[in-house]
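Visitor: The file below is data.pdb, PDB, C-alpha atoms:
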```
ATOM      1  CA  MET A  30      36.123 -13.766 -30.725  1.00  0.00           C
ATOM      2  CA  LEU A  31      37.449 -17.298 -31.102  1.00  0.00           C
ATOM      3  CA  GLN A  32      37.869 -19.548 -28.103  1.00  0.00           C
ATOM      4  CA  ARG A  33      39.832 -22.751 -27.749  1.00  0.00           C
ATOM      5  CA  SER A  34      37.865 -25.925 -27.219  1.00  0.00           C
ATOM      6  CA  PRO A  35      38.505 -27.824 -23.968  1.00  0.00           C
ATOM      7  CA  ASN A  36      40.716 -30.385 -25.724  1.00  0.00           C
ATOM      8  CA  GLY A  37      42.505 -27.686 -27.769  1.00  0.00           C
ATOM      9  CA  ASP A  38      41.817 -29.220 -31.194  1.00  0.00           C
ATOM     10  CA  ARG A  39      39.898 -26.502 -33.012  1.00  0.00           C
ATOM     11  CA  PRO A  40      38.756 -22.977 -32.246  1.00  0.00           C
ATOM     12  CA  VAL A  41      35.129 -22.638 -31.161  1.00  0.00           C
ATOM     13  CA  VAL A  42      33.111 -19.886 -32.805  1.00  0.00           C
ATOM     14  CA  PRO A  43      30.202 -18.611 -30.672  1.00  0.00           C
ATOM     15  CA  VAL A  44      26.899 -18.915 -32.493  1.00  0.00           C
ATOM     16  CA  THR A  45      24.374 -16.134 -32.285  1.00  0.00           C
ATOM     17  CA  GLU A  46      20.960 -17.168 -33.514  1.00  0.00           C
ATOM     18  CA  PRO A  47      18.197 -14.720 -34.289  1.00  0.00           C
ATOM     19  CA  GLU A  48      15.165 -14.664 -32.030  1.00  0.00           C
ATOM     20  CA  LEU A  49      12.580 -17.157 -33.228  1.00  0.00           C
ATOM     21  CA  ASN A  50       9.336 -15.408 -34.172  1.00  0.00           C
ATOM     22  CA  ALA A  51       6.611 -16.825 -36.345  1.00  0.00           C
ATOM     23  CA  VAL A  52       5.808 -13.323 -37.542  1.00  0.00           C
ATOM     24  CA  PRO A  53       8.527 -10.669 -37.267  1.00  0.00           C
ATOM     25  CA  GLY A  54       7.564  -7.528 -35.380  1.00  0.00           C
ATOM     26  CA  ARG A  55       4.637  -9.161 -33.620  1.00  0.00           C
ATOM     27  CA  ASP A  56       4.252  -8.401 -29.922  1.00  0.00           C
ATOM     28  CA  SER A  57       1.700 -11.090 -29.026  1.00  0.00           C
ATOM     29  CA  PRO A  58       2.819 -14.639 -28.190  1.00  0.00           C
ATOM     30  CA  ASP A  59       2.940 -17.327 -30.832  1.00  0.00           C
ATOM     31  CA  PRO A  60      -0.506 -19.002 -30.866  1.00  0.00           C
ATOM     32  CA  ARG A  61       1.152 -22.411 -31.226  1.00  0.00           C
ATOM     33  CA  LEU A  62       3.043 -21.864 -27.987  1.00  0.00           C
ATOM     34  CA  VAL A  63      -0.126 -20.701 -26.243  1.00  0.00           C
ATOM     35  CA  GLU A  64      -1.908 -23.876 -27.331  1.00  0.00           C
ATOM     36  CA  LEU A  65       1.049 -26.000 -26.191  1.00  0.00           C
ATOM     37  CA  VAL A  66       0.956 -24.374 -22.749  1.00  0.00           C
ATOM     38  CA  ARG A  67      -2.783 -25.022 -22.510  1.00  0.00           C
ATOM     39  CA  LEU A  68      -2.269 -28.648 -23.469  1.00  0.00           C
ATOM     40  CA  LEU A  69       0.501 -29.120 -20.905  1.00  0.00           C
ATOM     41  CA  ALA A  70      -1.567 -27.399 -18.209  1.00  0.00           C
ATOM     42  CA  ARG A  71      -4.532 -29.682 -18.899  1.00  0.00           C
ATOM     43  CA  ARG A  72      -2.288 -32.734 -18.741  1.00  0.00           C
ATOM     44  CA  ALA A  73      -0.727 -31.590 -15.451  1.00  0.00           C
ATOM     45  CA  ALA A  74      -4.164 -30.886 -13.959  1.00  0.00           C
ATOM     46  CA  ARG A  75      -5.441 -34.298 -15.022  1.00  0.00           C
ATOM     47  CA  GLN A  76      -2.393 -36.048 -13.530  1.00  0.00           C
ATOM     48  CA  TRP A  77      -2.736 -34.077 -10.286  1.00  0.00           C
ATOM     49  CA  TYR A  78      -6.450 -34.939 -10.042  1.00  0.00           C
ATOM     50  CA  GLU A  79      -5.791 -38.642 -10.677  1.00  0.00           C
ATOM     51  CA  LYS A  80      -3.072 -38.659  -8.008  1.00  0.00           C
ATOM     52  CA  MET A  81      -5.391 -36.974  -5.489  1.00  0.00           C
ATOM     53  CA  MET A  82      -8.127 -39.516  -6.213  1.00  0.00           C
ATOM     54  CA  GLU A  83      -5.681 -42.423  -5.776  1.00  0.00           C
ATOM     55  CA  GLU A  84      -4.534 -40.996  -2.428  1.00  0.00           C
ATOM     56  CA  ARG A  85      -8.154 -40.629  -1.318  1.00  0.00           C
ATOM     57  CA  ARG A  86      -8.923 -44.247  -2.251  1.00  0.00           C
ATOM     58  CA  ALA A  87      -5.769 -45.429  -0.486  1.00  0.00           C
ATOM     59  CA  GLY A  88      -6.768 -43.447   2.622  1.00  0.00           C
ATOM     60  CA  ARG A  89     -10.153 -45.201   2.815  1.00  0.00           C
ATOM     61  CA  SER A  90      -8.662 -48.697   2.651  1.00  0.00           C
TER      62      SER A  90
END
```
Would you mind writing the file's structure down as structure tokens?

Guide:
Amino acid sequence: MLQRSPNGDRPVVPVTEPELNAVPGRDSPDPRLVELVRLLARRAARQWYEKMMEERRAGRS
């Protein structure tokens, strides 16, 4: 179904994109995404730890 754009110039056609899978028909998560999540979790843990250490040092002063 076509829709009119907010300014009314051209019709807008909804885009339906296929699901992104590295290997079609695979039920397990993409290993690249798993590694990305691990990397981001490590970074967040490191930042949290550094912040806690800074607060501890500031509390002693």

Visitor: Quick one: distance from atom CA of Ala74 of chain A to atom CA of Pro60 of chain A in Å, one decimal?

Guide: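 Between these atoms lies a distance of 21.0 Å.
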
Visitor: How far is it from atom CA of Ala73 of chain A to atom CA of Asp56 of chain A, in Å with one decimal?

Guide: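 About the pair atom CA of Ala73 of chain A and atom CA of Asp56 of chain A: they are 27.8 Å apart.
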
Visitor: Box for segment 53-63 of chain A - axis-aligned, 4 Å on each of the six sides, all listed atoms - centre and size in Å to one decimal, as AutoDock Vina command-line options.

Guide:
```
--center_x 4.0 --center_y -15.0 --center_z -31.8 --size_x 17.0 --size_y 22.9 --size_z 19.0
```

Visitor: Please, what distance in Å, to one decimal, runs between atom CA of Met82 of chain A and atom CA of Leu69 of chain A?

Guide: 20.0 Å

Visitor: Since the input has fewer atoms than a full residue there, write segment 54-74 of chain A out with N, CA and C atoms, as a PDB file, in the frame of the given file.

Guide:
```pdb
ATOM      1  N   GLY A  54       8.176  -8.768 -35.799  1.00  0.00           N
ATOM      2  CA  GLY A  54       7.564  -7.528 -35.380  1.00  0.00           C
ATOM      3  C   GLY A  54       6.248  -7.694 -34.651  1.00  0.00           C
ATOM      4  N   ARG A  55       5.908  -8.898 -34.286  1.00  0.00           N
ATOM      5  CA  ARG A  55       4.637  -9.161 -33.620  1.00  0.00           C
ATOM      6  C   ARG A  55       4.866  -9.200 -32.118  1.00  0.00           C
ATOM      7  N   ASP A  56       4.061  -8.474 -31.361  1.00  0.00           N
ATOM      8  CA  ASP A  56       4.252  -8.401 -29.922  1.00  0.00           C
ATOM      9  C   ASP A  56       3.504  -9.490 -29.168  1.00  0.00           C
ATOM     10  N   SER A  57       2.470 -10.067 -29.730  1.00  0.00           N
ATOM     11  CA  SER A  57       1.700 -11.090 -29.026  1.00  0.00           C
ATOM     12  C   SER A  57       2.415 -12.442 -29.120  1.00  0.00           C
ATOM     13  N   PRO A  58       2.157 -13.333 -28.169  1.00  0.00           N
ATOM     14  CA  PRO A  58       2.819 -14.639 -28.190  1.00  0.00           C
ATOM     15  C   PRO A  58       2.374 -15.491 -29.375  1.00  0.00           C
ATOM     16  N   ASP A  59       3.229 -16.411 -29.737  1.00  0.00           N
ATOM     17  CA  ASP A  59       2.940 -17.327 -30.832  1.00  0.00           C
ATOM     18  C   ASP A  59       1.746 -18.199 -30.433  1.00  0.00           C
ATOM     19  N   PRO A  60       0.687 -18.227 -31.234  1.00  0.00           N
ATOM     20  CA  PRO A  60      -0.506 -19.002 -30.866  1.00  0.00           C
ATOM     21  C   PRO A  60      -0.211 -20.496 -30.702  1.00  0.00           C
ATOM     22  N   ARG A  61       0.793 -20.993 -31.390  1.00  0.00           N
ATOM     23  CA  ARG A  61       1.152 -22.411 -31.226  1.00  0.00           C
ATOM     24  C   ARG A  61       1.710 -22.669 -29.837  1.00  0.00           C
ATOM     25  N   LEU A  62       2.501 -21.718 -29.334  1.00  0.00           N
ATOM     26  CA  LEU A  62       3.043 -21.864 -27.987  1.00  0.00           C
ATOM     27  C   LEU A  62       1.942 -21.749 -26.939  1.00  0.00           C
ATOM     28  N   VAL A  63       0.994 -20.850 -27.166  1.00  0.00           N
ATOM     29  CA  VAL A  63      -0.126 -20.701 -26.243  1.00  0.00           C
ATOM     30  C   VAL A  63      -0.913 -22.001 -26.174  1.00  0.00           C
ATOM     31  N   GLU A  64      -1.164 -22.608 -27.303  1.00  0.00           N
ATOM     32  CA  GLU A  64      -1.908 -23.876 -27.331  1.00  0.00           C
ATOM     33  C   GLU A  64      -1.108 -24.986 -26.656  1.00  0.00           C
ATOM     34  N   LEU A  65       0.204 -25.006 -26.847  1.00  0.00           N
ATOM     35  CA  LEU A  65       1.049 -26.000 -26.191  1.00  0.00           C
ATOM     36  C   LEU A  65       0.982 -25.843 -24.674  1.00  0.00           C
ATOM     37  N   VAL A  66       1.043 -24.618 -24.193  1.00  0.00           N
ATOM     38  CA  VAL A  66       0.956 -24.374 -22.749  1.00  0.00           C
ATOM     39  C   VAL A  66      -0.393 -24.831 -22.213  1.00  0.00           C
ATOM     40  N   ARG A  67      -1.453 -24.559 -22.939  1.00  0.00           N
ATOM     41  CA  ARG A  67      -2.783 -25.022 -22.510  1.00  0.00           C
ATOM     42  C   ARG A  67      -2.841 -26.541 -22.441  1.00  0.00           C
ATOM     43  N   LEU A  68      -2.284 -27.191 -23.442  1.00  0.00           N
ATOM     44  CA  LEU A  68      -2.269 -28.648 -23.469  1.00  0.00           C
ATOM     45  C   LEU A  68      -1.488 -29.208 -22.281  1.00  0.00           C
ATOM     46  N   LEU A  69      -0.314 -28.649 -22.020  1.00  0.00           N
ATOM     47  CA  LEU A  69       0.501 -29.120 -20.905  1.00  0.00           C
ATOM     48  C   LEU A  69      -0.175 -28.847 -19.571  1.00  0.00           C
ATOM     49  N   ALA A  70      -0.856 -27.715 -19.443  1.00  0.00           N
ATOM     50  CA  ALA A  70      -1.567 -27.399 -18.209  1.00  0.00           C
ATOM     51  C   ALA A  70      -2.712 -28.377 -17.973  1.00  0.00           C
ATOM     52  N   ARG A  71      -3.441 -28.699 -19.033  1.00  0.00           N
ATOM     53  CA  ARG A  71      -4.532 -29.682 -18.899  1.00  0.00           C
ATOM     54  C   ARG A  71      -3.997 -31.036 -18.472  1.00  0.00           C
ATOM     55  N   ARG A  72      -2.886 -31.448 -19.085  1.00  0.00           N
ATOM     56  CA  ARG A  72      -2.288 -32.734 -18.741  1.00  0.00           C
ATOM     57  C   ARG A  72      -1.843 -32.751 -17.270  1.00  0.00           C
ATOM     58  N   ALA A  73      -1.195 -31.673 -16.843  1.00  0.00           N
ATOM     59  CA  ALA A  73      -0.727 -31.590 -15.451  1.00  0.00           C
ATOM     60  C   ALA A  73      -1.909 -31.606 -14.486  1.00  0.00           C
ATOM     61  N   ALA A  74      -2.981 -30.906 -14.820  1.00  0.00           N
ATOM     62  CA  ALA A  74      -4.164 -30.886 -13.959  1.00  0.00           C
ATOM     63  C   ALA A  74      -4.793 -32.271 -13.880  1.00  0.00           C
TER      64      ALA A  74
END
```
